[in-house]
Amino acid sequence: MAPADERSARPGADADVVIVGAGILGIYQLYAASRAGYSVRLLEQGGGVGGTWYWNRYPGCRFDSESYTYGYLFSEELWQEWDWSEEFAGQPETERYLNYVVDRFGLRRHIRLGSRVTSAAWDENSATWRTRTADGFEARSQYLVSATGVLSVPQFPEVPGREDFAGESYHTGRWPSGAVSFRGKRVAVVGTGSSGVQVAPAIAGEAESLTVYQRTPTWATPLNNHPISEEERAWLKASFRSIRAELEASVTGFLHKPATRDTFDDTAEERRAFYEEIWSSPGFSKLTANYKDLTTSPAANAEWCAFLEEKIRGLVTDPATADRLIPADHLYGGLRPPFVTGWYEMFSRPNVSLVSLKETPMVKVTETGIETSDGTREFDMIIWATGFDFGTGAMRRMGITGAGGLPLAAHWADGPQTYLGLMARGFPNLFFPGGPHGASGNNPRYGALQVDFTQNLIDYAREHGFRRIEVPADEEEAWMAMIEKLRKYSSFQERGQYYGGNTPGKARRFLLNPGGRPKLDQFMARAIDRGYQGFLR
Ligand SMILES: Cc1cc2nc3c(=O)[nH]c(=O)nc-3n(C[C@H](O)[C@H](O)[C@H](O)COP(=O)(O)OP(=O)(O)OC[C@H]3O[C@@H](n4cnc5c(N)ncnc54)[C@H](O)[C@@H]3O)c2cc1C
């Protein structure tokens, strides 16, 4: 039994709402529920708040979303008080921001850190969730919100000997909080996804040698970060309402202006000029502000890729290294495109080399280094930038059992079945903002919408005396049919590794929301317009 907080929960429960995860969405759900007068407990396994921005403290970790479009939009005062220093802020700043929000809105007293949830069971008789943590904490609540993140369980490649390595070994997603020195060390970075391409250039200048192990090359393009000038800051402060309105109307949750033209509407010369403009534009606008047929027409996409190839060859001095860095098996957007600062340029340094695991596969990790089919290299440190058990990793490990004792992990064994990427039939009074099938762009913009929907639904149930909320079968089926139909229209399906996850032994399913914000809005509006018909008992 655990006291929730100073508010008392409904009879038969310790808290009205238990939230798992203190990332950007768990914190927002905590704010929304406590502000609406519910007793709330937030359980977080980490030693601090911030989620992604607590764990990923590796050198070079920063946003790919513009800082001010990523931060919260629920409070104009917060917007006015907080100054982002860069267009794409680094991890320490975002962690500071989320701590600031927690204190600013008096949320810390509801948060229990060091609390890893190991089971959460639905009890039909009392219509409550019983949640337990590894350290013996237990709470019964009417609602359970799993804000556990889709990129929160680090993943390692299946290679023998990883535990045998006697040097320093880190995963980017579990980076230690103390200082890590690279000076005079022979360092290996394994993985060239979004984290690998950030960490490698950040340490290349300090390490004695840096060897980058690449399994799959990706279409990395410049982040084009810059400090926020006084002029831009003044514009941001003055434009809160218009920026929020624009973000809320955006399909992808960014301020980027979508292009109105198709690739071959332009002449070769016009295309080149446009591509140069896009190359110099910030972050994700390579995807969101590019020609509008980029992800639907393979010929259009190939044209952009040819431009990128030329750019890469211009930046990488060694032609053999350039060959290895240029993707041959997927078009732009087929894998999640990373955004970089100094990545290609780094390979011109004499202390940096690239090993293609396609050419020379990794055989094993030894006590002193990494063995590939080409021989062994010795290291003082290995950095595993090998990603996460994407999409369902955290929820499948949380021991969730729904109605009739149905385990979520078994229910989702062939991939998740969801409604709005937020609810699952068979799991009453459970919500998972930021979950699989929710996002396809700037994550907090979708996640906030899911939190708002959850809060409004809970409020409605409270006002009308309902105790049990479950998505009706036809609504879940309609959402899943939308995912299936729209994913086929994009180039994402070609490889689908990132978008479907690449965890060994796990069924690969498309895990994003290809309908973007408009589909979320449409489905949510339908449920609300019908007075949540079929959801409430
Ligand atoms: C390096 C990196 C950079 C990123 N950059 C961007 C970006 O620029 N733009 C963007 O839109 N997205 C980005 N993302 C995606 C990012 O994950 C989301 O934007 C966002 O942070 C997700 O927030 P969340 O609250 O849903 O989950 P998270 O931030 O992942 O938080 C989930 C929390 O749940 C906790 N948890 C999980 N399981 C349990 C359990 N069983 N018990 C207790 N606690 C548990 C975890 O410890 C974690 O703290 C990035 C991801 C990474 C890894």
# chains A, B, ... in the order shown; residues from 1 in each chain; ligands from 1
call {"tool": "residues_around", "arguments": {"residues": "A:Asp374", "least_positions_apart": "5", "cutoff": "12 Å", "atoms": "only C-alpha atoms", "output": "list in words"}}
result
Val355, Ser356, Leu357, Lys358, Glu359, Thr360, Pro361, Met362, Val363 and Lys364 of chain A
call {"tool": "write_last_selection", "arguments": {"atoms": "all heavy atoms", "output": "PDB file, in the first residue's frame"}}
result
ATOM      1  N   VAL A 355      35.040   0.840 -40.782  1.00  0.00           N
ATOM      2  CA  VAL A 355      35.008  -0.592 -41.115  1.00  0.00           C
ATOM      3  C   VAL A 355      33.584  -0.932 -41.532  1.00  0.00           C
ATOM      4  O   VAL A 355      32.636  -0.679 -40.785  1.00  0.00           O
ATOM      5  CB  VAL A 355      35.409  -1.458 -39.888  1.00  0.00           C
ATOM      6  CG1 VAL A 355      35.240  -2.941 -40.203  1.00  0.00           C
ATOM      7  CG2 VAL A 355      36.831  -1.151 -39.462  1.00  0.00           C
ATOM      8  N   SER A 356      33.448  -1.486 -42.726  1.00  0.00           N
ATOM      9  CA  SER A 356      32.122  -1.894 -43.181  1.00  0.00           C
ATOM     10  C   SER A 356      31.859  -3.330 -42.736  1.00  0.00           C
ATOM     11  O   SER A 356      32.551  -4.259 -43.163  1.00  0.00           O
ATOM     12  CB  SER A 356      32.037  -1.804 -44.708  1.00  0.00           C
ATOM     13  OG  SER A 356      30.911  -2.542 -45.138  1.00  0.00           O
ATOM     14  N   LEU A 357      30.837  -3.494 -41.914  1.00  0.00           N
ATOM     15  CA  LEU A 357      30.521  -4.851 -41.433  1.00  0.00           C
ATOM     16  C   LEU A 357      29.807  -5.665 -42.506  1.00  0.00           C
ATOM     17  O   LEU A 357      29.654  -6.874 -42.368  1.00  0.00           O
ATOM     18  CB  LEU A 357      29.698  -4.773 -40.142  1.00  0.00           C
ATOM     19  CG  LEU A 357      30.448  -4.145 -38.959  1.00  0.00           C
ATOM     20  CD1 LEU A 357      29.524  -3.949 -37.764  1.00  0.00           C
ATOM     21  CD2 LEU A 357      31.662  -4.994 -38.560  1.00  0.00           C
ATOM     22  N   LYS A 358      29.409  -4.997 -43.576  1.00  0.00           N
ATOM     23  CA  LYS A 358      28.858  -5.736 -44.728  1.00  0.00           C
ATOM     24  C   LYS A 358      29.995  -6.481 -45.416  1.00  0.00           C
ATOM     25  O   LYS A 358      29.847  -7.619 -45.846  1.00  0.00           O
ATOM     26  CB  LYS A 358      28.225  -4.753 -45.727  1.00  0.00           C
ATOM     27  CG  LYS A 358      26.918  -4.172 -45.253  1.00  0.00           C
ATOM     28  CD  LYS A 358      25.753  -4.798 -46.022  1.00  0.00           C
ATOM     29  CE  LYS A 358      24.469  -4.772 -45.231  1.00  0.00           C
ATOM     30  NZ  LYS A 358      23.968  -3.463 -44.875  1.00  0.00           N
ATOM     31  N   GLU A 359      31.155  -5.798 -45.538  1.00  0.00           N
ATOM     32  CA  GLU A 359      32.313  -6.402 -46.211  1.00  0.00           C
ATOM     33  C   GLU A 359      33.033  -7.389 -45.287  1.00  0.00           C
ATOM     34  O   GLU A 359      33.448  -8.459 -45.710  1.00  0.00           O
ATOM     35  CB  GLU A 359      33.303  -5.308 -46.637  1.00  0.00           C
ATOM     36  CG  GLU A 359      32.751  -4.396 -47.723  1.00  0.00           C
ATOM     37  CD  GLU A 359      33.597  -3.130 -47.884  1.00  0.00           C
ATOM     38  OE1 GLU A 359      34.743  -3.081 -47.402  1.00  0.00           O
ATOM     39  OE2 GLU A 359      33.070  -2.171 -48.499  1.00  0.00           O
ATOM     40  N   THR A 360      33.201  -6.965 -44.035  1.00  0.00           N
ATOM     41  CA  THR A 360      33.929  -7.809 -43.077  1.00  0.00           C
ATOM     42  C   THR A 360      33.099  -7.926 -41.800  1.00  0.00           C
ATOM     43  O   THR A 360      33.237  -7.109 -40.893  1.00  0.00           O
ATOM     44  CB  THR A 360      35.314  -7.182 -42.752  1.00  0.00           C
ATOM     45  OG1 THR A 360      35.110  -5.817 -42.326  1.00  0.00           O
ATOM     46  CG2 THR A 360      36.231  -7.185 -43.947  1.00  0.00           C
ATOM     47  N   PRO A 361      32.219  -8.904 -41.724  1.00  0.00           N
ATOM     48  CA  PRO A 361      31.311  -9.032 -40.583  1.00  0.00           C
ATOM     49  C   PRO A 361      32.039  -9.202 -39.253  1.00  0.00           C
ATOM     50  O   PRO A 361      33.151  -9.745 -39.200  1.00  0.00           O
ATOM     51  CB  PRO A 361      30.508 -10.292 -40.908  1.00  0.00           C
ATOM     52  CG  PRO A 361      30.689 -10.530 -42.356  1.00  0.00           C
ATOM     53  CD  PRO A 361      32.023  -9.942 -42.742  1.00  0.00           C
ATOM     54  N   MET A 362      31.365  -8.738 -38.192  1.00  0.00           N
ATOM     55  CA  MET A 362      31.927  -8.885 -36.844  1.00  0.00           C
ATOM     56  C   MET A 362      31.824 -10.356 -36.439  1.00  0.00           C
ATOM     57  O   MET A 362      30.763 -10.962 -36.565  1.00  0.00           O
ATOM     58  CB  MET A 362      31.147  -7.999 -35.869  1.00  0.00           C
ATOM     59  CG  MET A 362      31.905  -7.707 -34.597  1.00  0.00           C
ATOM     60  SD  MET A 362      30.992  -6.617 -33.476  1.00  0.00           S
ATOM     61  CE  MET A 362      31.250  -5.015 -34.184  1.00  0.00           C
ATOM     62  N   VAL A 363      32.913 -10.905 -35.959  1.00  0.00           N
ATOM     63  CA  VAL A 363      32.930 -12.313 -35.560  1.00  0.00           C
ATOM     64  C   VAL A 363      32.683 -12.421 -34.062  1.00  0.00           C
ATOM     65  O   VAL A 363      31.841 -13.175 -33.604  1.00  0.00           O
ATOM     66  CB  VAL A 363      34.285 -12.969 -35.929  1.00  0.00           C
ATOM     67  CG1 VAL A 363      34.358 -14.404 -35.420  1.00  0.00           C
ATOM     68  CG2 VAL A 363      34.506 -12.897 -37.431  1.00  0.00           C
ATOM     69  N   LYS A 364      33.460 -11.626 -33.293  1.00  0.00           N
ATOM     70  CA  LYS A 364      33.269 -11.642 -31.836  1.00  0.00           C
ATOM     71  C   LYS A 364      33.966 -10.446 -31.200  1.00  0.00           C
ATOM     72  O   LYS A 364      34.826  -9.798 -31.827  1.00  0.00           O
ATOM     73  CB  LYS A 364      33.773 -12.950 -31.227  1.00  0.00           C
ATOM     74  CG  LYS A 364      35.254 -13.168 -31.340  1.00  0.00           C
ATOM     75  CD  LYS A 364      35.649 -14.450 -30.592  1.00  0.00           C
ATOM     76  CE  LYS A 364      37.142 -14.621 -30.695  1.00  0.00           C
ATOM     77  NZ  LYS A 364      37.658 -15.935 -30.673  1.00  0.00           N
TER      78      LYS A 364
END
call {"tool": "residues_around", "arguments": {"residues": "A:Phe165", "least_positions_apart": "4", "cutoff": "9 Å", "atoms": "only C-alpha atoms", "output": "ChimeraX atom specification"}}
result
/A:161,169,365-370,381-382
call {"tool": "residues_around", "arguments": {"residues": "stretch 65-73 of chain A", "least_positions_apart": "6", "cutoff": "10 Å", "atoms": "only C-alpha atoms", "output": "number ranges by chain"}}
result
A: 24-25, 28, 79, 82-90, 93-94, 97-98, 101, 223, 225, 228, 236, 240-241, 243-244, 247-248, 253-255, 282-285, 441-445, 448
call {"tool": "select_by_dssp", "arguments": {"residues": "stretch 215-454 of chain A", "states": "strand (DSSP E or B)", "output": "PyMOL selection string"}}
result
chain A and resi 221-222+227+339-340+352-356+362-365+369-372+375-378+381-384+388+400-401+407+419+423+430-431
call {"tool": "closest_residue", "arguments": {"among": "A:Glu44, A:Glu310, A:Asp14, A:Glu208", "to": "ligand 1", "atoms": "only C-alpha atoms and all ligand atoms"}}
result
A:Glu44
call {"tool": "select_by_dssp", "arguments": {"residues": "stretch 6-207 of chain A", "states": "helix (DSSP H, G or I)", "output": "NGL selection string"}}
result
:A and (24-35 or 52-55 or 67-70 or 76-81 or 91-104 or 108-110 or 162-164 or 172-174 or 196-203)
call {"tool": "atom_distance", "arguments": {"atom1": "atom CA of A:Val159", "atom2": "atom CA of A:Glu371"}}
result
10.3 Å
call {"tool": "residues_around", "arguments": {"residues": "stretch 419-436 of chain A", "least_positions_apart": "4", "cutoff": "8 Å", "atoms": "only C-alpha atoms", "output": "PDB file with N, CA, C and O atoms, in the first residue's frame"}}
result
ATOM      1  N   LEU A  25       6.605  13.061 -22.090  1.00  0.00           N
ATOM      2  CA  LEU A  25       5.162  12.787 -22.092  1.00  0.00           C
ATOM      3  C   LEU A  25       4.641  12.396 -20.723  1.00  0.00           C
ATOM      4  O   LEU A  25       3.545  12.807 -20.332  1.00  0.00           O
ATOM      5  N   TRP A 122      -4.459  -5.806 -14.479  1.00  0.00           N
ATOM      6  CA  TRP A 122      -5.827  -5.282 -14.429  1.00  0.00           C
ATOM      7  C   TRP A 122      -6.694  -6.223 -13.591  1.00  0.00           C
ATOM      8  O   TRP A 122      -6.664  -7.439 -13.790  1.00  0.00           O
ATOM      9  N   GLN A 142      -6.960   3.637 -10.587  1.00  0.00           N
ATOM     10  CA  GLN A 142      -8.045   3.446 -11.552  1.00  0.00           C
ATOM     11  C   GLN A 142      -7.489   3.433 -12.979  1.00  0.00           C
ATOM     12  O   GLN A 142      -7.928   2.672 -13.817  1.00  0.00           O
ATOM     13  N   TYR A 143      -6.513   4.295 -13.212  1.00  0.00           N
ATOM     14  CA  TYR A 143      -5.928   4.392 -14.556  1.00  0.00           C
ATOM     15  C   TYR A 143      -4.430   4.145 -14.504  1.00  0.00           C
ATOM     16  O   TYR A 143      -3.775   4.497 -13.525  1.00  0.00           O
ATOM     17  N   LEU A 144      -3.933   3.569 -15.588  1.00  0.00           N
ATOM     18  CA  LEU A 144      -2.491   3.353 -15.728  1.00  0.00           C
ATOM     19  C   LEU A 144      -2.053   4.010 -17.037  1.00  0.00           C
ATOM     20  O   LEU A 144      -2.653   3.756 -18.094  1.00  0.00           O
ATOM     21  N   VAL A 145      -1.045   4.857 -16.948  1.00  0.00           N
ATOM     22  CA  VAL A 145      -0.510   5.499 -18.157  1.00  0.00           C
ATOM     23  C   VAL A 145       0.933   5.048 -18.319  1.00  0.00           C
ATOM     24  O   VAL A 145       1.775   5.333 -17.467  1.00  0.00           O
ATOM     25  N   SER A 146       1.203   4.328 -19.390  1.00  0.00           N
ATOM     26  CA  SER A 146       2.554   3.862 -19.658  1.00  0.00           C
ATOM     27  C   SER A 146       3.209   4.839 -20.631  1.00  0.00           C
ATOM     28  O   SER A 146       3.021   4.754 -21.836  1.00  0.00           O
ATOM     29  N   ALA A 147       3.965   5.786 -20.064  1.00  0.00           N
ATOM     30  CA  ALA A 147       4.683   6.764 -20.909  1.00  0.00           C
ATOM     31  C   ALA A 147       6.137   6.328 -20.946  1.00  0.00           C
ATOM     32  O   ALA A 147       7.041   7.069 -20.560  1.00  0.00           O
ATOM     33  N   THR A 148       6.344   5.102 -21.396  1.00  0.00           N
ATOM     34  CA  THR A 148       7.645   4.454 -21.238  1.00  0.00           C
ATOM     35  C   THR A 148       8.557   4.605 -22.459  1.00  0.00           C
ATOM     36  O   THR A 148       9.664   4.061 -22.454  1.00  0.00           O
ATOM     37  N   GLY A 149       8.091   5.333 -23.484  1.00  0.00           N
ATOM     38  CA  GLY A 149       8.980   5.640 -24.608  1.00  0.00           C
ATOM     39  C   GLY A 149       9.118   4.497 -25.594  1.00  0.00           C
ATOM     40  O   GLY A 149       9.028   3.321 -25.226  1.00  0.00           O
ATOM     41  N   VAL A 150       9.340   4.862 -26.850  1.00  0.00           N
ATOM     42  CA  VAL A 150       9.545   3.830 -27.875  1.00  0.00           C
ATOM     43  C   VAL A 150      11.035   3.605 -28.164  1.00  0.00           C
ATOM     44  O   VAL A 150      11.406   2.696 -28.892  1.00  0.00           O
ATOM     45  N   GLY A 391       9.790   0.737 -30.363  1.00  0.00           N
ATOM     46  CA  GLY A 391       8.324   0.622 -30.432  1.00  0.00           C
ATOM     47  C   GLY A 391       7.706   0.010 -29.195  1.00  0.00           C
ATOM     48  O   GLY A 391       7.043   0.694 -28.419  1.00  0.00           O
ATOM     49  N   THR A 392       7.917  -1.284 -29.006  1.00  0.00           N
ATOM     50  CA  THR A 392       7.213  -1.982 -27.931  1.00  0.00           C
ATOM     51  C   THR A 392       8.155  -2.495 -26.831  1.00  0.00           C
ATOM     52  O   THR A 392       7.702  -3.168 -25.907  1.00  0.00           O
ATOM     53  N   THR A 401      -0.636  -7.202 -17.711  1.00  0.00           N
ATOM     54  CA  THR A 401      -1.677  -8.180 -18.044  1.00  0.00           C
ATOM     55  C   THR A 401      -3.034  -7.482 -17.989  1.00  0.00           C
ATOM     56  O   THR A 401      -3.334  -6.765 -17.032  1.00  0.00           O
ATOM     57  N   GLY A 402      -3.826  -7.706 -19.032  1.00  0.00           N
ATOM     58  CA  GLY A 402      -5.109  -7.014 -19.159  1.00  0.00           C
ATOM     59  C   GLY A 402      -6.280  -7.879 -18.720  1.00  0.00           C
ATOM     60  O   GLY A 402      -6.143  -8.769 -17.852  1.00  0.00           O
ATOM     61  N   ALA A 403      -7.429  -7.633 -19.334  1.00  0.00           N
ATOM     62  CA  ALA A 403      -8.649  -8.357 -18.966  1.00  0.00           C
ATOM     63  C   ALA A 403      -8.437  -9.859 -19.154  1.00  0.00           C
ATOM     64  O   ALA A 403      -7.826 -10.299 -20.138  1.00  0.00           O
ATOM     65  N   LEU A 406      -4.766 -11.458 -19.767  1.00  0.00           N
ATOM     66  CA  LEU A 406      -4.074 -11.455 -21.067  1.00  0.00           C
ATOM     67  C   LEU A 406      -2.757 -10.687 -20.986  1.00  0.00           C
ATOM     68  O   LEU A 406      -2.747  -9.481 -20.712  1.00  0.00           O
ATOM     69  N   ASN A 443       8.097  14.335 -32.207  1.00  0.00           N
ATOM     70  CA  ASN A 443       7.375  13.467 -31.259  1.00  0.00           C
ATOM     71  C   ASN A 443       6.486  14.160 -30.227  1.00  0.00           C
ATOM     72  O   ASN A 443       5.345  13.743 -30.036  1.00  0.00           O
ATOM     73  N   PRO A 444       6.965  15.204 -29.546  1.00  0.00           N
ATOM     74  CA  PRO A 444       6.106  15.777 -28.501  1.00  0.00           C
ATOM     75  C   PRO A 444       4.806  16.369 -29.044  1.00  0.00           C
ATOM     76  O   PRO A 444       3.821  16.449 -28.311  1.00  0.00           O
ATOM     77  N   TYR A 446       2.817  15.040 -31.306  1.00  0.00           N
ATOM     78  CA  TYR A 446       1.822  13.965 -31.368  1.00  0.00           C
ATOM     79  C   TYR A 446       1.481  13.494 -29.972  1.00  0.00           C
ATOM     80  O   TYR A 446       0.334  13.268 -29.621  1.00  0.00           O
ATOM     81  N   GLY A 447       2.542  13.352 -29.171  1.00  0.00           N
ATOM     82  CA  GLY A 447       2.372  12.824 -27.825  1.00  0.00           C
ATOM     83  C   GLY A 447       1.476  13.708 -26.982  1.00  0.00           C
ATOM     84  O   GLY A 447       0.640  13.225 -26.209  1.00  0.00           O
ATOM     85  N   ALA A 448       1.630  15.024 -27.132  1.00  0.00           N
ATOM     86  CA  ALA A 448       0.811  15.948 -26.338  1.00  0.00           C
ATOM     87  C   ALA A 448      -0.665  15.784 -26.704  1.00  0.00           C
ATOM     88  O   ALA A 448      -1.546  15.841 -25.848  1.00  0.00           O
ATOM     89  N   GLN A 450      -2.040  13.045 -27.682  1.00  0.00           N
ATOM     90  CA  GLN A 450      -2.494  11.790 -27.052  1.00  0.00           C
ATOM     91  C   GLN A 450      -2.751  11.987 -25.562  1.00  0.00           C
ATOM     92  O   GLN A 450      -3.715  11.447 -25.017  1.00  0.00           O
ATOM     93  N   VAL A 451      -1.888  12.772 -24.914  1.00  0.00           N
ATOM     94  CA  VAL A 451      -2.099  13.052 -23.485  1.00  0.00           C
ATOM     95  C   VAL A 451      -3.404  13.832 -23.306  1.00  0.00           C
ATOM     96  O   VAL A 451      -4.212  13.520 -22.427  1.00  0.00           O
ATOM     97  N   THR A 454      -6.321  11.527 -23.688  1.00  0.00           N
ATOM     98  CA  THR A 454      -6.432  10.675 -22.494  1.00  0.00           C
ATOM     99  C   THR A 454      -7.089  11.451 -21.359  1.00  0.00           C
ATOM    100  O   THR A 454      -8.050  10.976 -20.728  1.00  0.00           O
ATOM    101  N   ARG A 468     -14.942   2.257 -16.395  1.00  0.00           N
ATOM    102  CA  ARG A 468     -14.132   1.390 -17.263  1.00  0.00           C
ATOM    103  C   ARG A 468     -14.104   1.978 -18.676  1.00  0.00           C
ATOM    104  O   ARG A 468     -15.157   2.265 -19.260  1.00  0.00           O
ATOM    105  N   ILE A 469     -12.905   2.143 -19.206  1.00  0.00           N
ATOM    106  CA  ILE A 469     -12.746   2.701 -20.558  1.00  0.00           C
ATOM    107  C   ILE A 469     -12.019   1.666 -21.410  1.00  0.00           C
ATOM    108  O   ILE A 469     -10.942   1.174 -21.022  1.00  0.00           O
ATOM    109  N   GLU A 470     -12.607   1.319 -22.530  1.00  0.00           N
ATOM    110  CA  GLU A 470     -11.928   0.372 -23.431  1.00  0.00           C
ATOM    111  C   GLU A 470     -12.281   0.723 -24.873  1.00  0.00           C
ATOM    112  O   GLU A 470     -13.447   1.022 -25.172  1.00  0.00           O
ATOM    113  N   VAL A 471     -11.298   0.676 -25.735  1.00  0.00           N
ATOM    114  CA  VAL A 471     -11.567   1.021 -27.141  1.00  0.00           C
ATOM    115  C   VAL A 471     -12.467  -0.052 -27.772  1.00  0.00           C
ATOM    116  O   VAL A 471     -12.219  -1.246 -27.622  1.00  0.00           O
ATOM    117  N   PRO A 472     -13.528   0.372 -28.482  1.00  0.00           N
ATOM    118  CA  PRO A 472     -14.367  -0.614 -29.160  1.00  0.00           C
ATOM    119  C   PRO A 472     -13.607  -1.288 -30.303  1.00  0.00           C
ATOM    120  O   PRO A 472     -12.715  -0.681 -30.910  1.00  0.00           O
ATOM    121  N   ALA A 473     -13.987  -2.538 -30.595  1.00  0.00           N
ATOM    122  CA  ALA A 473     -13.255  -3.323 -31.614  1.00  0.00           C
ATOM    123  C   ALA A 473     -13.220  -2.610 -32.963  1.00  0.00           C
ATOM    124  O   ALA A 473     -12.179  -2.556 -33.625  1.00  0.00           O
ATOM    125  N   GLU A 475     -13.335   0.526 -33.731  1.00  0.00           N
ATOM    126  CA  GLU A 475     -12.452   1.710 -33.762  1.00  0.00           C
ATOM    127  C   GLU A 475     -10.986   1.274 -33.853  1.00  0.00           C
ATOM    128  O   GLU A 475     -10.199   1.867 -34.589  1.00  0.00           O
ATOM    129  N   GLU A 476     -10.624   0.235 -33.107  1.00  0.00           N
ATOM    130  CA  GLU A 476      -9.241  -0.253 -33.185  1.00  0.00           C
ATOM    131  C   GLU A 476      -8.960  -0.805 -34.582  1.00  0.00           C
ATOM    132  O   GLU A 476      -7.911  -0.533 -35.179  1.00  0.00           O
ATOM    133  N   GLU A 477      -9.917  -1.543 -35.102  1.00  0.00           N
ATOM    134  CA  GLU A 477      -9.730  -2.109 -36.461  1.00  0.00           C
ATOM    135  C   GLU A 477      -9.574  -1.001 -37.496  1.00  0.00           C
ATOM    136  O   GLU A 477      -8.753  -1.092 -38.410  1.00  0.00           O
ATOM    137  N   TRP A 479      -8.403   2.037 -37.068  1.00  0.00           N
ATOM    138  CA  TRP A 479      -7.079   2.665 -36.923  1.00  0.00           C
ATOM    139  C   TRP A 479      -6.001   1.777 -37.547  1.00  0.00           C
ATOM    140  O   TRP A 479      -5.144   2.239 -38.305  1.00  0.00           O
ATOM    141  N   MET A 480      -6.069   0.469 -37.271  1.00  0.00           N
ATOM    142  CA  MET A 480      -5.071  -0.451 -37.811  1.00  0.00           C
ATOM    143  C   MET A 480      -5.170  -0.531 -39.339  1.00  0.00           C
ATOM    144  O   MET A 480      -4.152  -0.638 -40.029  1.00  0.00           O
ATOM    145  N   LEU A 511       5.678   0.632 -37.295  1.00  0.00           N
ATOM    146  CA  LEU A 511       5.384   1.093 -35.932  1.00  0.00           C
ATOM    147  C   LEU A 511       5.103   2.590 -35.816  1.00  0.00           C
ATOM    148  O   LEU A 511       4.943   3.105 -34.721  1.00  0.00           O
ATOM    149  N   LEU A 512       5.060   3.268 -36.968  1.00  0.00           N
ATOM    150  CA  LEU A 512       4.758   4.704 -36.918  1.00  0.00           C
ATOM    151  C   LEU A 512       3.305   4.946 -37.310  1.00  0.00           C
ATOM    152  O   LEU A 512       2.555   4.009 -37.581  1.00  0.00           O
ATOM    153  N   ASN A 513       2.924   6.216 -37.354  1.00  0.00           N
ATOM    154  CA  ASN A 513       1.600   6.597 -37.826  1.00  0.00           C
ATOM    155  C   ASN A 513       1.765   7.296 -39.171  1.00  0.00           C
ATOM    156  O   ASN A 513       2.111   8.482 -39.204  1.00  0.00           O
ATOM    157  N   LEU A 520      -4.710  11.432 -36.689  1.00  0.00           N
ATOM    158  CA  LEU A 520      -4.955  11.456 -35.234  1.00  0.00           C
ATOM    159  C   LEU A 520      -6.127  12.378 -34.937  1.00  0.00           C
ATOM    160  O   LEU A 520      -7.056  12.018 -34.212  1.00  0.00           O
ATOM    161  N   PHE A 523      -9.563  10.798 -36.113  1.00  0.00           N
ATOM    162  CA  PHE A 523     -10.069   9.705 -35.265  1.00  0.00           C
ATOM    163  C   PHE A 523     -10.495  10.220 -33.884  1.00  0.00           C
ATOM    164  O   PHE A 523     -11.511   9.797 -33.339  1.00  0.00           O
TER     165      PHE A 523
END
call {"tool": "atom_distance", "arguments": {"atom1": "atom CA of A:Ile483", "atom2": "atom CA of A:Pro514"}}
result
6.2 Å
